[in-house]
Structures are given as C-alpha cells and as structure tokens.
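Here is target-v2.txt, consisting of compact mmCIF, C-alpha atoms and all ligand atoms:
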```
# COMPACT_ATOMS: atom_id res chain seq x y z
CA MET G 1 -20.90 2.06 -13.74
CA LYS G 2 -19.18 5.29 -14.72
CA LEU G 3 -15.72 5.74 -13.23
CA LYS G 4 -13.44 8.72 -13.58
CA ILE G 5 -9.92 7.69 -12.68
CA ALA G 6 -6.98 9.98 -12.03
CA VAL G 7 -3.80 8.27 -13.23
CA LEU G 8 -0.52 9.23 -11.54
CA PRO G 9 2.31 7.19 -13.06
CA GLY G 10 5.10 9.08 -11.27
CA ASP G 11 8.75 8.08 -11.55
CA GLY G 12 11.09 5.17 -12.19
CA ILE G 13 9.21 2.02 -13.16
CA GLY G 14 5.92 3.83 -12.40
CA PRO G 15 4.91 4.64 -15.99
CA GLU G 16 5.67 1.08 -17.19
CA ILE G 17 3.63 -0.69 -14.55
CA MET G 18 0.89 1.91 -14.82
CA GLU G 19 0.51 1.18 -18.53
CA GLN G 20 -0.30 -2.42 -17.66
CA GLY G 21 -2.57 -1.43 -14.77
CA VAL G 22 -4.58 0.84 -17.04
CA ALA G 23 -4.76 -1.83 -19.76
CA VAL G 24 -6.19 -4.31 -17.27
CA CYS G 25 -8.57 -1.70 -15.89
CA SER G 26 -9.89 -1.03 -19.41
CA ALA G 27 -10.17 -4.72 -20.29
CA ILE G 28 -12.33 -5.27 -17.21
CA ALA G 29 -14.42 -2.18 -17.95
CA GLN G 30 -15.06 -3.46 -21.47
CA LYS G 31 -15.93 -6.95 -20.29
CA PHE G 32 -18.42 -5.78 -17.65
CA GLY G 33 -19.81 -2.77 -19.51
CA HIS G 34 -18.39 -0.01 -17.33
CA GLU G 35 -17.53 3.41 -18.66
CA VAL G 36 -14.07 4.30 -17.41
CA SER G 37 -12.27 7.53 -18.26
CA TYR G 38 -8.72 8.50 -17.33
CA ASP G 39 -7.03 11.78 -16.51
CA THR G 40 -3.26 11.55 -16.27
CA ALA G 41 -1.48 13.95 -13.93
CA LEU G 42 2.05 14.81 -12.84
CA CYS G 43 3.58 13.89 -9.50
CA GLY G 44 6.94 13.11 -7.91
CA ALA G 45 10.35 13.91 -9.41
CA HIS G 46 8.74 14.36 -12.80
CA ALA G 47 6.52 17.08 -11.46
CA ILE G 48 9.47 18.77 -9.72
CA ASP G 49 11.34 18.83 -13.02
CA GLU G 50 8.39 20.17 -14.98
CA VAL G 51 6.65 22.56 -12.61
CA GLY G 52 8.82 22.67 -9.47
CA ASP G 53 6.24 20.97 -7.22
CA PRO G 54 5.97 17.20 -6.51
CA PHE G 55 2.16 17.43 -6.12
CA PRO G 56 1.00 20.41 -8.18
CA GLU G 57 -2.34 22.07 -7.54
CA GLU G 58 -3.58 20.88 -10.94
CA THR G 59 -2.87 17.28 -9.96
CA PHE G 60 -4.73 17.79 -6.70
CA GLN G 61 -7.76 19.13 -8.59
CA ILE G 62 -7.74 16.17 -10.95
CA CYS G 63 -7.54 13.76 -8.00
CA GLU G 64 -10.25 15.51 -6.06
CA GLN G 65 -12.64 15.47 -8.98
CA ALA G 66 -12.03 11.80 -9.78
CA ASP G 67 -13.84 8.78 -8.33
CA ALA G 68 -10.52 7.05 -7.67
CA VAL G 69 -6.80 7.61 -8.09
CA LEU G 70 -4.52 4.98 -9.54
CA PHE G 71 -1.03 5.76 -8.36
CA ALA G 72 2.23 4.00 -9.28
CA SER G 73 5.38 5.23 -7.53
CA VAL G 74 7.57 8.26 -6.90
CA GLY G 75 11.26 8.74 -6.13
CA ASP G 76 14.50 9.47 -7.92
CA PRO G 77 18.09 8.69 -6.90
CA LYS G 78 19.19 12.25 -7.60
CA PHE G 79 17.29 13.27 -4.46
CA ASP G 80 18.19 10.27 -2.28
CA ASN G 81 21.79 11.25 -1.78
CA ASP G 82 21.10 14.92 -1.35
CA PRO G 83 19.81 15.53 2.19
CA THR G 84 19.82 19.26 1.50
CA ALA G 85 17.32 19.08 -1.38
CA LYS G 86 14.56 21.62 -0.72
CA VAL G 87 11.84 19.59 -2.40
CA ARG G 88 11.71 15.81 -2.66
CA PRO G 89 9.52 13.55 -4.80
CA GLU G 90 8.22 11.73 -1.70
CA GLN G 91 6.72 14.99 -0.48
CA GLY G 92 4.34 14.69 -3.42
CA LEU G 93 3.03 11.39 -2.13
CA LEU G 94 2.72 12.74 1.40
CA ALA G 95 0.96 15.88 0.14
CA MET G 96 -1.48 13.71 -1.79
CA ARG G 97 -2.24 11.62 1.30
CA LYS G 98 -2.73 14.69 3.48
CA LYS G 99 -4.73 16.76 1.01
CA LEU G 100 -7.05 13.89 0.13
CA GLY G 101 -7.42 12.99 3.81
CA LEU G 102 -6.26 9.40 3.20
CA TYR G 103 -5.87 8.32 6.80
CA ALA G 104 -6.38 4.58 6.33
CA ASN G 105 -3.95 2.54 4.30
CA ILE G 106 -5.06 -1.04 3.76
CA ARG G 107 -2.21 -3.42 2.94
CA PRO G 108 -3.16 -7.07 2.50
CA VAL G 109 -0.43 -9.68 2.91
CA GLU G 110 -1.35 -12.90 1.16
CA THR G 111 0.52 -15.79 -0.28
CA PHE G 112 0.27 -17.33 -3.73
CA GLU G 113 0.48 -21.11 -3.62
CA CYS G 114 2.87 -21.32 -6.57
CA LEU G 115 5.21 -18.71 -5.07
CA ILE G 116 5.49 -20.19 -1.58
CA HIS G 117 9.06 -21.29 -2.32
CA LYS G 118 10.01 -17.72 -3.31
CA SER G 119 9.75 -16.58 0.28
CA PRO G 120 13.00 -16.98 2.21
CA LEU G 121 10.84 -18.31 5.06
CA LYS G 122 10.01 -22.01 5.41
CA ASP G 123 7.01 -23.28 3.43
CA GLU G 124 5.08 -24.38 6.51
CA ILE G 125 5.43 -20.95 8.09
CA VAL G 126 4.29 -19.05 5.03
CA ARG G 127 1.58 -21.32 3.60
CA GLY G 128 -1.85 -20.01 4.56
CA ALA G 129 -0.64 -16.65 5.90
CA ASP G 130 -3.35 -14.12 5.17
CA PHE G 131 -3.65 -10.87 7.06
CA ILE G 132 -4.09 -7.19 6.46
CA CYS G 133 -2.19 -4.34 7.94
CA ILE G 134 -4.18 -1.16 8.48
CA ARG G 135 -1.62 1.60 8.55
CA GLU G 136 -2.55 5.06 9.83
CA LEU G 137 -1.40 7.31 7.00
CA THR G 138 -1.76 11.00 7.77
CA GLY G 139 -0.34 11.37 11.25
CA GLY G 140 2.61 10.44 13.43
CA MET G 141 6.22 11.22 12.66
CA TYR G 142 5.58 11.67 8.96
CA PHE G 143 3.59 14.81 9.61
CA GLY G 144 4.55 15.93 13.13
CA LYS G 145 6.65 19.00 13.81
CA LYS G 146 10.12 18.71 12.26
CA GLN G 147 13.38 20.45 12.43
CA GLU G 148 15.92 19.73 9.73
CA PRO G 149 19.57 19.28 10.77
CA THR G 150 20.82 22.54 12.24
CA ILE G 151 23.47 23.73 14.71
CA ASN G 152 21.88 24.28 18.13
CA ALA G 153 22.78 26.78 20.89
CA ASP G 154 25.48 24.43 22.22
CA GLY G 155 27.11 24.28 18.81
CA VAL G 156 25.95 20.69 18.23
CA GLU G 157 24.06 19.71 15.13
CA ASP G 158 20.60 18.32 15.88
CA ALA G 159 17.34 17.42 14.16
CA LEU G 160 13.84 16.53 15.28
CA ASP G 161 10.74 14.59 14.22
CA THR G 162 7.66 14.52 16.41
CA ASN G 163 5.41 11.49 16.76
CA TYR G 164 2.17 13.35 17.35
CA TYR G 165 -1.29 11.78 17.46
CA THR G 166 -4.68 13.07 18.54
CA ARG G 167 -7.49 10.99 20.00
CA PRO G 168 -9.80 11.49 16.96
CA GLU G 169 -7.03 10.30 14.63
CA VAL G 170 -6.58 7.15 16.68
CA GLU G 171 -10.30 6.54 17.10
CA ARG G 172 -11.16 6.72 13.41
CA ILE G 173 -8.42 4.33 12.30
CA LEU G 174 -9.38 1.85 15.03
CA HIS G 175 -12.98 1.87 13.85
CA VAL G 176 -11.79 1.16 10.30
CA ALA G 177 -9.71 -1.73 11.61
CA TYR G 178 -12.61 -3.21 13.56
CA GLN G 179 -14.82 -3.06 10.47
CA TYR G 180 -12.23 -5.06 8.55
CA ALA G 181 -11.84 -7.53 11.41
CA ARG G 182 -15.60 -8.10 11.38
CA GLN G 183 -15.52 -8.97 7.70
CA ARG G 184 -12.65 -11.37 8.25
CA ARG G 185 -11.76 -13.66 11.16
CA ASN G 186 -12.74 -11.29 13.99
CA HIS G 187 -9.25 -10.86 15.33
CA LEU G 188 -7.56 -7.48 15.73
CA THR G 189 -4.00 -6.92 16.89
CA VAL G 190 -3.16 -3.37 17.94
CA VAL G 191 0.56 -2.85 17.38
CA ASP G 192 2.27 -0.14 19.42
CA LYS G 193 5.25 0.62 21.64
CA ALA G 194 3.28 1.57 24.74
CA ASN G 195 6.09 0.48 27.06
CA VAL G 196 8.17 3.43 25.82
CA LEU G 197 6.21 5.94 23.74
CA ALA G 198 3.59 8.34 25.06
CA SER G 199 1.88 8.42 21.66
CA SER G 200 1.55 4.63 21.84
CA ARG G 201 0.01 4.88 25.30
CA LEU G 202 -2.66 7.11 23.76
CA TRP G 203 -3.26 4.44 21.09
CA ARG G 204 -3.56 1.71 23.70
CA LYS G 205 -5.82 3.77 25.96
CA VAL G 206 -8.18 4.61 23.11
CA ALA G 207 -8.14 1.02 21.83
CA GLN G 208 -8.99 -0.35 25.27
CA GLU G 209 -11.94 2.02 25.43
CA ILE G 210 -13.23 1.14 21.97
CA ALA G 211 -12.75 -2.63 22.18
CA PRO G 212 -15.97 -3.27 24.20
CA GLN G 213 -17.96 -1.79 21.29
CA TYR G 214 -16.83 -4.80 19.26
CA PRO G 215 -17.40 -7.77 21.58
CA ASP G 216 -17.47 -10.09 18.56
CA VAL G 217 -13.85 -9.19 17.77
CA GLU G 218 -10.97 -10.54 19.81
CA THR G 219 -8.56 -7.65 20.47
CA ASP G 220 -4.98 -8.15 21.46
CA PHE G 221 -2.07 -5.78 21.93
CA MET G 222 1.48 -6.34 20.78
CA TYR G 223 4.62 -4.26 20.96
CA VAL G 224 5.99 -3.45 17.53
CA ASP G 225 9.35 -5.16 18.10
CA ASN G 226 7.55 -8.32 19.11
CA ALA G 227 5.15 -7.98 16.15
CA ALA G 228 8.10 -7.73 13.75
CA MET G 229 9.35 -11.06 15.10
CA ARG G 230 5.96 -12.74 15.24
CA MET G 231 5.24 -11.76 11.64
CA ILE G 232 7.99 -13.96 10.30
CA GLN G 233 7.86 -16.64 13.01
CA ASP G 234 4.13 -17.21 12.87
CA PRO G 235 2.40 -14.93 10.33
CA LYS G 236 -0.77 -17.02 10.56
CA PHE G 237 -1.32 -15.55 14.02
CA PHE G 238 -2.49 -12.31 12.41
CA ASP G 239 -5.84 -11.47 10.88
CA VAL G 240 -6.03 -7.68 11.00
CA MET G 241 -3.33 -5.54 12.52
CA VAL G 242 -3.61 -1.82 13.04
CA THR G 243 -0.74 0.51 13.72
CA GLU G 244 0.67 3.99 13.41
CA ASN G 245 2.18 5.45 10.25
CA THR G 246 5.87 4.68 10.78
CA PHE G 247 5.42 1.20 12.26
CA GLY G 248 3.04 0.35 9.41
CA ASP G 249 5.56 1.49 6.81
CA ILE G 250 8.23 -0.79 8.25
CA LEU G 251 6.05 -3.81 8.99
CA THR G 252 4.50 -3.90 5.53
CA ASP G 253 7.88 -4.07 3.80
CA GLU G 254 8.57 -7.00 6.10
CA GLY G 255 5.21 -8.43 5.07
CA SER G 256 6.28 -8.54 1.45
CA VAL G 257 8.92 -11.10 2.41
CA ILE G 258 6.10 -13.49 3.30
CA THR G 259 4.59 -13.09 -0.17
CA GLY G 260 7.96 -13.48 -1.85
CA SER G 261 8.26 -10.22 -3.77
CA MET G 262 7.64 -6.52 -3.19
CA GLY G 263 6.19 -6.50 -6.69
CA LEU G 264 3.09 -8.37 -5.56
CA LEU G 265 1.56 -6.21 -2.85
CA PRO G 266 -1.19 -3.71 -3.67
CA SER G 267 -2.77 -1.26 -1.27
CA ALA G 268 -5.75 1.02 -0.90
CA SER G 269 -5.73 4.35 0.90
CA THR G 270 -9.07 5.70 1.95
CA GLY G 271 -10.35 8.60 3.98
CA SER G 272 -12.38 11.72 3.52
CA SER G 273 -11.90 12.32 -0.22
CA THR G 274 -10.99 10.28 -3.32
CA PRO G 275 -9.49 6.85 -2.53
CA VAL G 276 -6.07 5.98 -3.92
CA PHE G 277 -4.93 2.56 -5.10
CA GLU G 278 -1.20 1.93 -5.29
CA PRO G 279 1.47 -0.76 -5.03
CA ILE G 280 3.42 -0.72 -1.76
CA HIS G 281 6.74 -0.86 -3.59
CA GLY G 282 8.76 2.13 -4.67
CA SER G 283 9.92 3.51 -8.00
CA TRP G 284 12.89 1.11 -8.42
CA PRO G 285 14.96 3.48 -10.59
CA GLN G 286 17.44 0.70 -11.43
CA GLY G 287 14.67 -1.18 -13.23
CA LYS G 288 13.40 1.79 -15.19
CA GLY G 289 13.02 1.32 -18.94
CA LEU G 290 14.20 -2.29 -18.86
CA ASN G 291 10.78 -3.94 -19.12
CA ILE G 292 11.55 -6.12 -16.08
CA ALA G 293 9.39 -4.56 -13.35
CA ASN G 294 6.62 -6.74 -12.00
CA PRO G 295 3.26 -5.14 -12.89
CA LEU G 296 1.23 -7.39 -10.56
CA ALA G 297 1.10 -5.07 -7.54
CA GLN G 298 -0.26 -2.36 -9.83
CA ILE G 299 -2.71 -4.76 -11.46
CA LEU G 300 -3.87 -6.03 -8.06
CA SER G 301 -4.34 -2.39 -7.03
CA VAL G 302 -6.83 -2.18 -9.90
CA ALA G 303 -8.62 -5.20 -8.39
CA MET G 304 -8.81 -3.35 -5.07
CA LEU G 305 -10.19 -0.32 -6.90
CA TYR G 306 -13.06 -2.29 -8.43
CA GLU G 307 -13.74 -4.04 -5.14
CA TYR G 308 -13.91 -0.69 -3.37
CA PHE G 309 -16.88 0.17 -5.59
CA ASN G 310 -18.43 -3.16 -4.69
CA LEU G 311 -17.67 -4.61 -8.10
CA LYS G 312 -16.66 -7.95 -6.66
CA GLU G 313 -16.77 -10.06 -9.81
CA GLU G 314 -14.49 -7.61 -11.57
CA GLY G 315 -11.94 -7.85 -8.76
CA THR G 316 -12.22 -11.62 -8.69
CA LEU G 317 -11.56 -11.93 -12.42
CA ILE G 318 -8.39 -9.84 -12.08
CA ARG G 319 -7.20 -12.04 -9.20
CA GLU G 320 -8.03 -15.16 -11.19
CA ALA G 321 -6.04 -13.85 -14.16
CA VAL G 322 -3.07 -12.99 -11.94
CA ASN G 323 -3.12 -16.45 -10.35
CA ALA G 324 -3.35 -18.07 -13.78
CA SER G 325 -0.37 -16.09 -15.05
CA LEU G 326 1.69 -17.17 -12.05
CA ALA G 327 0.60 -20.79 -12.37
CA GLN G 328 1.60 -20.82 -16.04
CA ASN G 329 4.99 -19.26 -15.28
CA VAL G 330 4.17 -16.03 -17.08
CA ARG G 331 6.34 -14.12 -14.65
CA THR G 332 8.82 -11.29 -14.46
CA PRO G 333 12.44 -12.30 -13.75
CA GLU G 334 12.48 -11.85 -9.96
CA ILE G 335 9.87 -14.56 -9.44
CA GLN G 336 10.49 -16.71 -12.51
CA VAL G 337 11.36 -20.39 -12.07
CA GLU G 338 14.74 -21.50 -13.31
CA GLY G 339 14.84 -22.44 -16.97
CA ALA G 340 11.41 -20.99 -17.80
CA PRO G 341 11.21 -18.30 -20.47
CA GLN G 342 11.51 -14.71 -19.23
CA TYR G 343 8.53 -12.41 -19.49
CA GLY G 344 8.75 -8.65 -19.34
CA THR G 345 6.41 -6.10 -17.75
CA LYS G 346 4.54 -5.67 -21.04
CA GLU G 347 4.23 -9.38 -21.77
CA VAL G 348 2.84 -10.19 -18.32
CA GLY G 349 0.33 -7.33 -18.67
CA LYS G 350 -0.69 -8.43 -22.14
CA TRP G 351 -1.14 -12.04 -21.04
CA ILE G 352 -3.47 -10.93 -18.24
CA VAL G 353 -5.44 -8.65 -20.57
CA ASP G 354 -5.85 -11.52 -23.06
CA TYR G 355 -6.97 -13.86 -20.29
CA ILE G 356 -9.64 -11.36 -19.21
CA ARG G 357 -10.84 -10.87 -22.79
CA GLN G 358 -11.15 -14.59 -23.39
CA LYS G 359 -13.15 -15.26 -20.24
C1 LIG G 401 5.25 3.60 1.26
C2 LIG G 401 6.52 4.34 0.90
C3 LIG G 401 6.38 5.80 1.26
C4 LIG G 401 6.17 5.88 2.75
C5 LIG G 401 7.56 6.68 0.82
C6 LIG G 401 7.82 6.58 -0.66
C7 LIG G 401 7.36 8.12 1.23
O1 LIG G 401 7.63 3.76 1.48
O2 LIG G 401 4.18 3.95 0.71
O3 LIG G 401 5.32 2.69 2.08
O4 LIG G 401 7.14 5.90 3.52
O5 LIG G 401 5.01 5.94 3.17
MN MN G 402 7.20 1.99 2.66
```
Just give me the structure as structure tokens.
Ligand code: IPM
Ligand code: MN
Amino acid sequence: MKLKIAVLPGDGIGPEIMEQGVAVCSAIAQKFGHEVSYDTALCGAHAIDEVGDPFPEETFQICEQADAVLFASVGDPKFDNDPTAKVRPEQGLLAMRKKLGLYANIRPVETFECLIHKSPLKDEIVRGADFICIRELTGGMYFGKKQEPTINADGVEDALDTNYYTRPEVERILHVAYQYARQRRNHLTVVDKANVLASSRLWRKVAQEIAPQYPDVETDFMYVDNAAMRMIQDPKFFDVMVTENTFGDILTDEGSVITGSMGLLPSASTGSSTPVFEPIHGSWPQGKGLNIANPLAQILSVAMLYEYFNLKEEGTLIREAVNASLAQNVRTPEIQVEGAPQYGTKEVGKWIVDYIRQK
C-alpha cells in the first residue's frame, strides 16, 4: 500500500517521540512492503514563533492532501501563564480538528499485564479493564460562542463559553459509537449530564431515538459525575462510552490512571477528511530534550494508523513489540521497575524497531 503521511511533531517532547513513531512506521512499512512517504509540517508554539499562526494554511494543505496525519503534541509554558495571549498553541490543534472535520476521537483504555502495579488502583480493579471512549471532538464548549474576560455593563468582569450541540452532530457521533460497540462487546454507555444541562438532554433524547436501530447493543445512560466514579471503582463495567467534547477530555485523562501512565494512550481522530493519529498526552515541556519521554503512546498511534487502513497484521506486530519491550523492562523512567536499567526515548524506540526487523 502507498501511504502519504503528514507529520506534525509540534512542541515540547513532540519532536522526540515523533522521531520514534516515524522510525517504527518505516520499519513496519519496510517489513510489509508498503511505500510510505512523509511530509513534515509546522504546528503549535513552533508555528506561532515561525509564521505567527499555530496551524498555518500550508500545514492544512499538507494534512488535507495526506492519507493520514501523525501528530505528536502542542503547548508551551510561555503561553500557559499568559491568559491575555492573542494566539495559543492549542488553537492550532483545535483548528486542525475543525478544518479536517475530525468529529470522532477514539481513545482506547487498556491495561498491560506487566504494568498493572503501576496504576494507583488495586490490581483486581484494573486487571482486565478494556474500554474505549468515543469523544465528540468538534463541538460543545470548545467551539461554542465565547467571550473572553471583559468588564460588563454592571462593572463586573465576566466571561462566557457556550456548550452548543446540534442534532446532526449528536447523531453522527452516536452512530460511530454504535459501530464500535458492535465490533466489541455490544455495550454502549452514553455519558451526559442530562439532569442539569440542556445540551445533555438533546444528547439523551437523540440517543434514546437511535438506540432501537441497534437492538443487538445494550445501551445505558450515565451522568458524567457518576461515570467518573464508576471508571475507577469498576472500569470493567465499560465497553464503549460516548460523550461530548469536554467530558471526554476529562474522562480520558482519568482513564490513563487505569493504564498506569499518560505516556501509553494513543488515539485516532476521524471524520470527513484526513484521519489524525496522536497520543492523548500533552507536550510535557519539562521533559523536553532530556530523552526521558515515553514514546509508546506515539508508537501505538502508529499501530492505530495501520489498523485504520485495515492493515491488521502491521498493527498487531507493533503491539507485540510494545508488549515485548515492557515485558523485558525496556522502559522509560516513569514506568521502570526499581533497580532495572533506565532506557531513554531513543533506546525504547530503537529496541522496538529492532524487534520488528528481526521478526
Ligand atoms: C487533548 C488535549 C487537548 C484538548 C488540548 C491540548 C487542547 O488535552 O487532546 O485531550 O483539550 O482537547
Ligand atoms: Mn486532554
């Protein structure tokens, strides 16, 4: 297969983990006889510094013309503590999602047997947890009408975000979620806050209407506060959960606690244009340049990329290599066992590439 991949390394640890992701992508391509080409493009704080725009038009063109985008992370502390900044690196990520129509963000939460003890939760709670969160990605508060902090008519400073959803936006994400549920254990949990929010009542109404089209799937509804609790009390309850943009953002960070490290969770964002594959973690500026960032979420994003194109064996080999590296304690510091030698970002990546080559 021929694959044209847009590579967006972004900021912080992004370029370091991306280097390993691309190396693994190429090793797989070589092994299975695929022709993969890469186009690297600017985004995030880097792009602001160089061209004044966190998602420049040129980057958009490169993404649009590619078969897939491999994205690392954006963000820079110099913007975090400046609420008055006119442009922010995160706007680049949001612009990418909106312009590529990436309304469905698929975030699997799985456990790795040899990392069970790394979760702060009890072994018996975590072992066997395996669910996916389908996060709506181009609507809700992230994109609704906003008003930045300003002094109102009463002389009081105020600000506003609007949690706006339309029926078609809710319908399409629910259908995606049902398709996933059908390929898994036929259980869908719709997470909302319908006891308080009007937008959630729209979600619930639409979901109740659609559910009969999928009689083979058991649908249940859960308030987001309850879901946050259930996720760490009994994560095995979940198979597929679907939720709005903001709730999905929060719940998936919580999900990483089940796995044991943020550095392990990949994601896929799909919609009307080129799909994007990216880790769920951020740019971790403190780790930048130290060769300590975990490249596995990026590498597993490459597995999701191949699987998206129905190249199952390719994805499986990447997962096998990742599991083998973990089992043999080839791990970055945050998940390393006490007393075992430390491996850096590069060394973990290289080990995985070698494993793939030798297979
Ligand atoms: C994520 C991130 C982004 C989000 C940030 C960086 C804008 O936290 O992908 O989960 O909030 O969606
Ligand atoms: Mn997030």
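Ranking G:Glu58, G:Asp249, G:Asp158, G:Asp82 by their shortest atom-to-atom distance to ligand MN 402 (chain G), with all atoms listed in the file included, puts G:Asp249 first.
If you measure from each of G:Gly75, G:Pro212, G:Gly140, G:Pro120 to ligand LIG 401 (chain G) using only C-alpha atoms and all ligand atoms, the closest one turns out to be G:Gly75.
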Point to revise | Contacts to ligand MN 402 (chain G) at 9 Å cut-off (only C-alpha atoms and all ligand atoms) as a VMD selection string | key: chain G and resid 246 248 to 253 280 to 282
Around the point (5.1, -15.3, 8.4) (coordinates from the file), which residues reach within 6 Å if we count all atoms listed in the file? Answer as an mmCIF file with C-alpha atoms, in the coordinates of the input.
```cif
data_model
loop_
_atom_site.group_PDB
_atom_site.id
_atom_site.type_symbol
_atom_site.label_atom_id
_atom_site.label_comp_id
_atom_site.auth_asym_id
_atom_site.auth_seq_id
_atom_site.Cartn_x
_atom_site.Cartn_y
_atom_site.Cartn_z
ATOM 1 C CA ILE G 125 5.430 -20.950 8.090
ATOM 2 C CA VAL G 126 4.290 -19.050 5.030
ATOM 3 C CA MET G 231 5.240 -11.760 11.640
ATOM 4 C CA ILE G 232 7.990 -13.960 10.300
ATOM 5 C CA GLN G 233 7.860 -16.640 13.010
ATOM 6 C CA ASP G 234 4.130 -17.210 12.870
ATOM 7 C CA PRO G 235 2.400 -14.930 10.330
ATOM 8 C CA ILE G 258 6.100 -13.490 3.300
#
```
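Among G:Ser267, G:Ser261, G:Ser325, G:Thr111, the residue with the shortest atom-to-atom distance to ligand LIG 401 (chain G), counting all atoms listed in the file, is G:Ser267.
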Find the residues of region 55-99 of chain G that sit at most 12 Å from region 287-297 of chain G; for each, write down the nearest two atoms and how far apart they are in Å, to one decimal. Count all atoms listed in the file. Sort by chain, then by number going up, and give it as a Markdown table.
```
| residue | atom | partner | partner_atom | distance |
| --- | --- | --- | --- | --- |
| G:Leu70 | CA | G:Ala297 | CA | 11.7 |
| G:Phe71 | CA | G:Ala297 | CA | 11.1 |
| G:Ala72 | CA | G:Ala297 | CA | 9.3 |
| G:Ser73 | CA | G:Ala297 | CA | 11.2 |
| G:Gly75 | CA | G:Lys288 | CA | 11.6 |
| G:Asp76 | CA | G:Lys288 | CA | 10.6 |
| G:Pro77 | CA | G:Lys288 | CA | 11.8 |
```
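Among the candidates G:Gly44, G:Pro83, G:Pro15, G:Pro215, the residue lying nearest to ligand LIG 401 (chain G) is G:Gly44 (atoms considered: only C-alpha atoms and all ligand atoms).
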I'd like the neighbourhood of Arg357 (chain G) as a JSON list (two decimals) with C-alpha atoms, in the frame of the given file, where a residue qualifies if any of its atoms comes within 7 Å (using all atoms listed in the file), though same-chain residues fewer than 4 positions away should be ignored.
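After the write, around-v4.json holds the following:
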```
[["chain", "number", "residue", "atom", "x", "y", "z"],
["G", 27, "ALA", "CA", -10.17, -4.72, -20.29],
["G", 31, "LYS", "CA", -15.93, -6.95, -20.29],
["G", 353, "VAL", "CA", -5.44, -8.65, -20.57]]
```
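In terms of minimum interatomic distance to ligand LIG 401 (chain G), G:Gln91 ranks closest within G:Gln91, G:Thr166, G:Gln30, G:Gln61, counting only C-alpha atoms and all ligand atoms.
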Put a box with edges along x, y and z around all the listed atoms of region 38-54 of chain G, pad it by 8 Å on each side, then give me its centre and sizes in Å, one decimal, as AutoDock Vina command-line options.
```
--center_x 1.3 --center_y 15.6 --center_z -11.9 --size_x 36.1 --size_y 30.2 --size_z 26.8
```
Check your understanding: Gly12 (chain G): which residues within 6 Å, counting all atoms listed in the file, same-chain residues fewer than 5 positions away excluded, as a PyMOL selection string?
Key -> chain G and resi 283-285+288
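The nearest approach to Val276 (chain G) among the residues G:Arg88, G:Lys98, G:His46, G:Lys145, with all atoms listed in the file taken into account, belongs to G:Lys98.
Pairwise distance (CA of Val22 (chain G), CA of Ala68 (chain G)) equals 12.7 Å.
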Review point. Using all atoms listed in the file, which residues sit within 12 Å of Phe143 (chain G) once same-chain residues fewer than 2 positions away are excluded, as number ranges by chain?
Key: G: 91, 94-95, 97-98, 103, 136-141, 145-147, 160-165, 244-246
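One finds CA of Phe32 (chain G) at 20.0 Å from CA of Asn323 (chain G).
CA of Val242 (chain G) sits 18.9 Å away from CA of Val257 (chain G).
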Review point. Do you know which residues are at most 8 Å from Pro89 (chain G) counting all atoms listed in the file, after dropping those on the same chain fewer than 4 positions away, and could you put them as an MDAnalysis selection string?
Key: chainID G and resid 43:45 48 54 74:76 79 93
Point to revise | Residues within 10 Å of Val240 (chain G), all atoms listed in the file, excluding chain neighbours under 3 positions, as a PyMOL selection string | key: chain G and resi 106-108+130-134+177-182+184-190+219+237
Store the residues picked out above, limited to C-alpha atoms, as a short mmCIF file (atom, residue, chain, number, x, y, z; two decimals), in the frame of the given file.
```cif
data_model
loop_
_atom_site.label_atom_id
_atom_site.label_comp_id
_atom_site.auth_asym_id
_atom_site.auth_seq_id
_atom_site.Cartn_x
_atom_site.Cartn_y
_atom_site.Cartn_z
CA ILE G 106 -5.06 -1.04 3.76
CA ARG G 107 -2.21 -3.42 2.94
CA PRO G 108 -3.16 -7.07 2.50
CA ASP G 130 -3.35 -14.12 5.17
CA PHE G 131 -3.65 -10.87 7.06
CA ILE G 132 -4.09 -7.19 6.46
CA CYS G 133 -2.19 -4.34 7.94
CA ILE G 134 -4.18 -1.16 8.48
CA ALA G 177 -9.71 -1.73 11.61
CA TYR G 178 -12.61 -3.21 13.56
CA GLN G 179 -14.82 -3.06 10.47
CA TYR G 180 -12.23 -5.06 8.55
CA ALA G 181 -11.84 -7.53 11.41
CA ARG G 182 -15.60 -8.10 11.38
CA ARG G 184 -12.65 -11.37 8.25
CA ARG G 185 -11.76 -13.66 11.16
CA ASN G 186 -12.74 -11.29 13.99
CA HIS G 187 -9.25 -10.86 15.33
CA LEU G 188 -7.56 -7.48 15.73
CA THR G 189 -4.00 -6.92 16.89
CA VAL G 190 -3.16 -3.37 17.94
CA THR G 219 -8.56 -7.65 20.47
CA PHE G 237 -1.32 -15.55 14.02
#
```
